[in-house]
Protein chains: 2
Amino acid sequence: MTAVDWRTYFAERENKNLEELYDFLRIPSVSALPENASDVRNAAEWVAARMKTAGIPEVEVLETGGHPLVYGKWHVDDSKPTALIYAHYDVQPPDPIELWETPPFEPAVRDGRIYARGSGDDKAGLYITLLAVEAFAKTHGKPPINLVFFYEGEEEVGSPSISPYLTAHAAKFASDVVISADGMMWGEDQYSLVLSSKGMAGGQIDIITADSDAHSGIYGGGVANAARATAAIAASFHDANGKVAIEGFYDKVRPITEQEAAEIEAVPFDEKAFLGTIGVTEPAGEADYSTLERLWLRPTLDINGIWSGFQGDGSKTVTPAQGHIKITCRLVPDQDPNEINDLIRKHVEAHLPVGARAEFELKTGTANPFSISPDNPFMVAAAETLREVGGKDPVFVRTGGTIPIAEVFKNHLGAEMVFFAFSIETCNAHAPNEWFRIEDFQNGTVATVKYLERLAQ
Amino acid sequence: MTAVDWRTYFAERENKNLEELYDFLRIPSVSALPENASDVRNAAEWVAARMKTAGIPEVEVLETGGHPLVYGKWHVDDSKPTALIYAHYDVQPPDPIELWETPPFEPAVRDGRIYARGSGDDKAGLYITLLAVEAFAKTHGKPPINLVFFYEGEEEVGSPSISPYLTAHAAKFASDVVISADGMMWGEDQYSLVLSSKGMAGGQIDIITADSDAHSGIYGGGVANAARATAAIAASFHDANGKVAIEGFYDKVRPITEQEAAEIEAVPFDEKAFLGTIGVTEPAGEADYSTLERLWLRPTLDINGIWSGFQGDGSKTVTPAQGHIKITCRLVPDQDPNEINDLIRKHVEAHLPVGARAEFELKTGTANPFSISPDNPFMVAAAETLREVGGKDPVFVRTGGTIPIAEVFKNHLGAEMVFFAFSIETCNAHAPNEWFRIEDFQNGTVATVKYLERLAQ
């Protein structure tokens with residue numbers, strides 16, 4: 001392929017491209033709200049039509065049972081790798097709508113940012129990938145590698161149709177790597193690549209001590225109190241050093257390597273600002289680890305909710321009969337969600353106070369931990385591209401959250417996921433006044449074409 | 001005074017008396033419901049009118065700021081003791097009304113029981129005292145001792161006006177003993193006398209770790225979790241033996257005496273049935289004490305409620321910022337509610353995990369423990385009366401509950417309270433289908449006149 005000055009190429013088309021992005025952002029494709037179902041379908045049709053205009057030869061709107069999956073394929077050369085381009089065209093609900101400075105589905109530009117629901121998550125990201133492919137089509141007649149397109153409309157509701165669909169049609173999506181245009185940059189001037197996300201286990205535990213609540217003046221002190229039993233179980237999950245006290249919980253956890261520690265050390269992290277966002281002044285958690293190590297590399301058990309007995313104003317002198325705990329374990333390689341749920345069950349049964357029994361609604365794990373090596377060739381190419389476009393090394397980051405889709409593709413296609421995305425963490429992705437920077441739109445488009453070129457080498 | 005065959009006396013008037021009791025029960029004097037305020041006043045006027053008919057020379061409906069207090073006085077002889085007769089004319093709300101077999105304010109007799117809201121708690125009790133006084137008036141022209149009548153209309157809403165009113169007007173109520181017609185017999189064939197009730201301390205404790213809930217995928221494991229901190233605090237209140245683990249909690253608690261142990265031993269107690277009522281099969285609590293000892297003689301700390309974070313269906317991966325605990329301590333002589341609240345505060349502050357702080361809404365103690373000796377002359381007379389009427393020894397029982405009114409009278413008048421009452425524990429006092437046995441109405445009236453006669457000796 002002949003070299004193209006991509007920056008000039010896209011600069012010449014910038015106004016037209018932005019106008020088209022605004023058209024896409026005007027479609028209220030809120031996947032969570034039944035009343036927006038036709039808008040979600042309109043967005044799928046918009047994407048499919050735009051893919052055809054871009055020159056993609058095979059385009060389909062696939063029915064999955066839920067919102068449509070927009071599929072595309074452009075096979076160019078058997079000797080080249082195949083990348084699956086992942087993004088989503090659905091958006092979060094705009095509520096609370098009164099906190100938006102301008103209407104969520106009427107894009108407005110202020111201070112170099114495009115404000116609209118879905119701008120940062122993930123319509124700009126999706127549209128960037130379309131522009132990149134179109135650029136190759138217009139300049140070279142085809143992209144430099146084989147491409148599969150996977151634009152889903154259910155990301156914001158947990159992608160319920162994806163795994164069943166991939167189970168039935170894996171061959172259709174066969175790829176060597178998944179490039180996700182849904183992700184975040186570490187900071188406004190800091191490109192990043194994601195090395196890992198955590199798996200998930202846990203669910204709800206119910207503690208029962210009696211058939212009905214009792215008057216504490218009649219039964220108090222004479223029978224088990226479910227609120228106390230529930231608190232005792234919840235408190236038993238950690239030891240005094242902040243370690244998870246469930247026997248066997250850490251058995252499969254790999255020690256932190258020198259390379260991992262160095263990667264974390266290289267990440268610019270303003271701990272005070274990070275904690276300050278939620279009004280916290282001191283970190284807490286497992287002893288002997290830094291905050292980023294705890295968040296990114298160590299498995300956790302979080303109590304998401306606990307409740308038992310009376311919660312109203314004033315007092316009610318009740319000895320509660322039932323209590324409830326909701327927990328989430330965030331897992332790291334090589335922890336298995338089902339094994340961890342079994343350990344949770346055993347731990348609770350072993351710690352039940354006299355007179356209490358437990359019932360469990362623990363989710364069987366569908367979200368395993370995800371990780372990719374920074375030495376993976378697709379990661380190396382991504383890092384080199386971002387260094388070239390950003391003028392400095394990207395940082396390798398991780399997330400304490402769970403990215404089920406990464407694990408789904410790994411399971412069904414055997415392909416690793418590279419997050420190659422240009423939103424910024426603070427872009428209000430699920431909040432009012434979501435934004436995306438115009439300069440990231442430009443740089444992201446240039447970076448994406450350069451990344452695809454590099455993958456062809 | 002000449003001896004009267006009281007049983008015959010009351011048998012001759014039984015039908016008329018029951019009809020009048022039914023009239024009283026038809027008044028829906030629900031003190032908790034604003035829409036029944038005029039009914040409560042009607043009940044007060046009914047009681048006042050009936051007192052006058054009974055021959056009581058001084059009768060007043062006193063305005064206390066809340067529901068009226070019906071007052072009466074009959075001074076007969078400076079050399080005789082003065083007893084204050086306590087009862088209440090207000091009733092609990094009838095909800096859930098659909099569970100009543102017959103309407104709550106239309107008395108119905110089935111199997112020797114009068115079914116109506118307020119029958120067991122406390123209109124039959126109040127009316128019995130009126131009949132007793134009337135009987136003396138009709139047969140002897142006056143009662144055998146001096147009497148003060150104190151019929152309140154706010155018992156079911158916590159008697160908020162009583163203490164302020166007594167503070168301002170203590171002299172009006174000066175008495176040597178308080179006889180409460182509000183109480184329970186131990187069983188259908190077992191009269192009982194109450195030796196003690198517990199005091200109360202506690203309230204709400206709020207645990208705060210951050211300004212707002214956080215995403216557990218971003219902050220989990222890196223900052224304090226309020227649900228976990230709240231559970232840890234709640235679990236710290238007891239040790240592994242079920243003892244309250246608050247330092248100093250037991251410092252003032254008297255050891256159980258041989259006499260107290262013997263009194264409890266004499267009480268027929270079907271522990272299995274007691275526990276079975278709420279679906280419990282094994283007792284729990286402080287080690288090395290029997291169930292009745294725990295309930296009646298040992299101080300307790302009950303968690304009435306605990307809550308933090310997400311409680312809905314499904315899951316929400318949140319790291320909670322706040323948690324809440326409601327506790328009730330039931331206290332025994334000589335524990336002081338204010339001192340116990342101070343100990344609770346100190347304990348919580350000392351047990352706060354890193355990153356958590358506490359706020360307290362603990363009630364300053366108005367309910368001290370109450371106790372009366374079985375050797376108190378008014379108790380001895382009560383026991384002898386019940387032995388005579390019931391044909392066997394009454395049992396000396398206690399309650400794990402709190403009877404603030406007993407302590408209020410002790411504080412303001414210096415008078416001990418004797419519970420001389422004829423409802424039965426299982427009479428559905430605060431539930432649908434409340435009842436009172438017709439035979440207890442007869443026996444209770446006879447017992448009350450005999451008790452007053454005995455107090456004159």
# chains A, B, ... in the order shown; residues from 1 in each chain; ligands from 1
call {"tool": "interface_residues", "arguments": {"of": "chain A", "to": "chain B", "cutoff": "6 Å", "atoms": "only C-alpha atoms", "output": "PyMOL selection string"}}
result
chain A and resi 210-212+217-218+221-224+227+231-232+234-235+278-280+283-285+291+294-295+300+303-311+318-319+400-401
call {"tool": "residues_around", "arguments": {"residues": "A:Ala406", "least_positions_apart": "5", "cutoff": "8 Å", "atoms": "only C-alpha atoms", "output": "list in words"}}
result
Phe370, Glu416 and Met417 of chain A
call {"tool": "write_last_selection", "arguments": {"atoms": "C-alpha atoms", "output": "PDB file, in the first residue's frame"}}
result
ATOM      1  CA  PHE A 370      -9.460 -11.490  31.634  1.00  0.00           C
ATOM      2  CA  GLU A 416      -7.679 -11.949  22.883  1.00  0.00           C
ATOM      3  CA  MET A 417      -9.115  -8.464  23.218  1.00  0.00           C
TER       4      MET A 417
END
call {"tool": "select_by_dssp", "arguments": {"residues": "stretch 254-333 of chain B", "states": "strand (DSSP E or B)", "output": "PyMOL selection string"}}
result
chain B and resi 300-309+318-319+322-331
call {"tool": "atom_distance", "arguments": {"atom1": "atom CA of B:Val194", "atom2": "atom CA of B:Leu131"}}
result
23.5 Å
call {"tool": "atom_distance", "arguments": {"atom1": "atom CA of A:Lys16", "atom2": "atom CA of A:Ser29"}}
result
22.2 Å
call {"tool": "closest_residue", "arguments": {"among": "B:Ile162, B:Ile85, B:Leu21, B:Leu455", "to": "B:Val133", "atoms": "only C-alpha atoms"}}
result
B:Ile85
call {"tool": "residues_around", "arguments": {"residues": "B:Ser175", "least_positions_apart": "6", "cutoff": "10 Å", "atoms": "only C-alpha atoms", "output": "PDB file with N, CA and C atoms, in the first residue's frame"}}
result
ATOM      1  N   PRO B  81     -53.863   3.182 103.951  1.00  0.00           N
ATOM      2  CA  PRO B  81     -52.969   3.484 102.819  1.00  0.00           C
ATOM      3  C   PRO B  81     -53.753   4.039 101.632  1.00  0.00           C
ATOM      4  N   THR B  82     -52.997   4.673 100.736  1.00  0.00           N
ATOM      5  CA  THR B  82     -53.580   5.194  99.496  1.00  0.00           C
ATOM      6  C   THR B  82     -53.008   4.409  98.316  1.00  0.00           C
ATOM      7  N   ALA B  83     -53.929   3.850  97.526  1.00  0.00           N
ATOM      8  CA  ALA B  83     -53.494   3.128  96.320  1.00  0.00           C
ATOM      9  C   ALA B  83     -53.923   3.909  95.087  1.00  0.00           C
ATOM     10  N   LEU B  84     -52.997   4.031  94.126  1.00  0.00           N
ATOM     11  CA  LEU B  84     -53.347   4.633  92.829  1.00  0.00           C
ATOM     12  C   LEU B  84     -53.710   3.483  91.887  1.00  0.00           C
ATOM     13  N   ILE B  85     -54.925   3.537  91.357  1.00  0.00           N
ATOM     14  CA  ILE B  85     -55.366   2.510  90.407  1.00  0.00           C
ATOM     15  C   ILE B  85     -55.012   2.983  89.005  1.00  0.00           C
ATOM     16  N   ASN B 146     -57.923   4.458 100.848  1.00  0.00           N
ATOM     17  CA  ASN B 146     -57.972   5.654 100.019  1.00  0.00           C
ATOM     18  C   ASN B 146     -57.561   5.303  98.587  1.00  0.00           C
ATOM     19  N   LEU B 147     -58.238   5.889  97.623  1.00  0.00           N
ATOM     20  CA  LEU B 147     -57.948   5.549  96.226  1.00  0.00           C
ATOM     21  C   LEU B 147     -57.737   6.805  95.380  1.00  0.00           C
ATOM     22  N   VAL B 148     -56.780   6.684  94.471  1.00  0.00           N
ATOM     23  CA  VAL B 148     -56.590   7.673  93.414  1.00  0.00           C
ATOM     24  C   VAL B 148     -56.749   6.905  92.098  1.00  0.00           C
ATOM     25  N   PHE B 409     -43.998   6.268  87.668  1.00  0.00           N
ATOM     26  CA  PHE B 409     -44.676   6.413  88.961  1.00  0.00           C
ATOM     27  C   PHE B 409     -43.676   6.337  90.113  1.00  0.00           C
ATOM     28  N   LEU B 413     -43.778   9.633  92.211  1.00  0.00           N
ATOM     29  CA  LEU B 413     -44.584   9.455  93.425  1.00  0.00           C
ATOM     30  C   LEU B 413     -43.858   8.662  94.502  1.00  0.00           C
ATOM     31  N   GLY B 414     -42.739   8.039  94.126  1.00  0.00           N
ATOM     32  CA  GLY B 414     -42.041   7.182  95.087  1.00  0.00           C
ATOM     33  C   GLY B 414     -42.813   5.906  95.389  1.00  0.00           C
ATOM     34  N   ALA B 415     -43.799   5.577  94.549  1.00  0.00           N
ATOM     35  CA  ALA B 415     -44.644   4.403  94.814  1.00  0.00           C
ATOM     36  C   ALA B 415     -44.257   3.252  93.896  1.00  0.00           C
ATOM     37  N   GLU B 416     -44.199   2.040  94.475  1.00  0.00           N
ATOM     38  CA  GLU B 416     -43.929   0.844  93.681  1.00  0.00           C
ATOM     39  C   GLU B 416     -45.195   0.441  92.933  1.00  0.00           C
TER      40      GLU B 416
END
call {"tool": "atom_distance", "arguments": {"atom1": "atom CA of A:Val395", "atom2": "atom CA of A:Leu331"}}
result
22.4 Å
call {"tool": "residues_around", "arguments": {"residues": "A:Ser163", "least_positions_apart": "3", "cutoff": "9 Å", "atoms": "only C-alpha atoms", "output": "count of residues only"}}
result
9
call {"tool": "residues_around", "arguments": {"residues": "B:Pro104", "least_positions_apart": "4", "cutoff": "8 Å", "atoms": "only C-alpha atoms", "output": "list in words"}}
result
Pro94, Ile97, Trp100, Tyr115, Ala116, Arg117, Pro432 and Asn433 of chain B
call {"tool": "decode", "arguments": {"residues": "stretch 320-332 of chain A", "atoms": "C-alpha atoms", "output": "PDB file, in the first residue's frame"}}
result
ATOM      1  CA  PRO A 320     -35.263 -10.014  63.474  1.00  0.00           C
ATOM      2  CA  ALA A 321     -35.928 -13.436  61.927  1.00  0.00           C
ATOM      3  CA  GLN A 322     -34.065 -12.916  58.641  1.00  0.00           C
ATOM      4  CA  GLY A 323     -31.064 -11.075  57.323  1.00  0.00           C
ATOM      5  CA  HIS A 324     -29.508 -10.697  53.908  1.00  0.00           C
ATOM      6  CA  ILE A 325     -26.057 -10.022  52.461  1.00  0.00           C
ATOM      7  CA  LYS A 326     -25.113  -9.230  48.871  1.00  0.00           C
ATOM      8  CA  ILE A 327     -21.475  -9.740  47.985  1.00  0.00           C
ATOM      9  CA  THR A 328     -19.297  -9.364  44.921  1.00  0.00           C
ATOM     10  CA  CYS A 329     -15.933 -11.054  44.609  1.00  0.00           C
ATOM     11  CA  ARG A 330     -13.657  -9.552  41.975  1.00  0.00           C
ATOM     12  CA  LEU A 331     -11.340 -12.326  40.814  1.00  0.00           C
ATOM     13  CA  VAL A 332      -7.902 -12.477  39.229  1.00  0.00           C
TER      14      VAL A 332
END
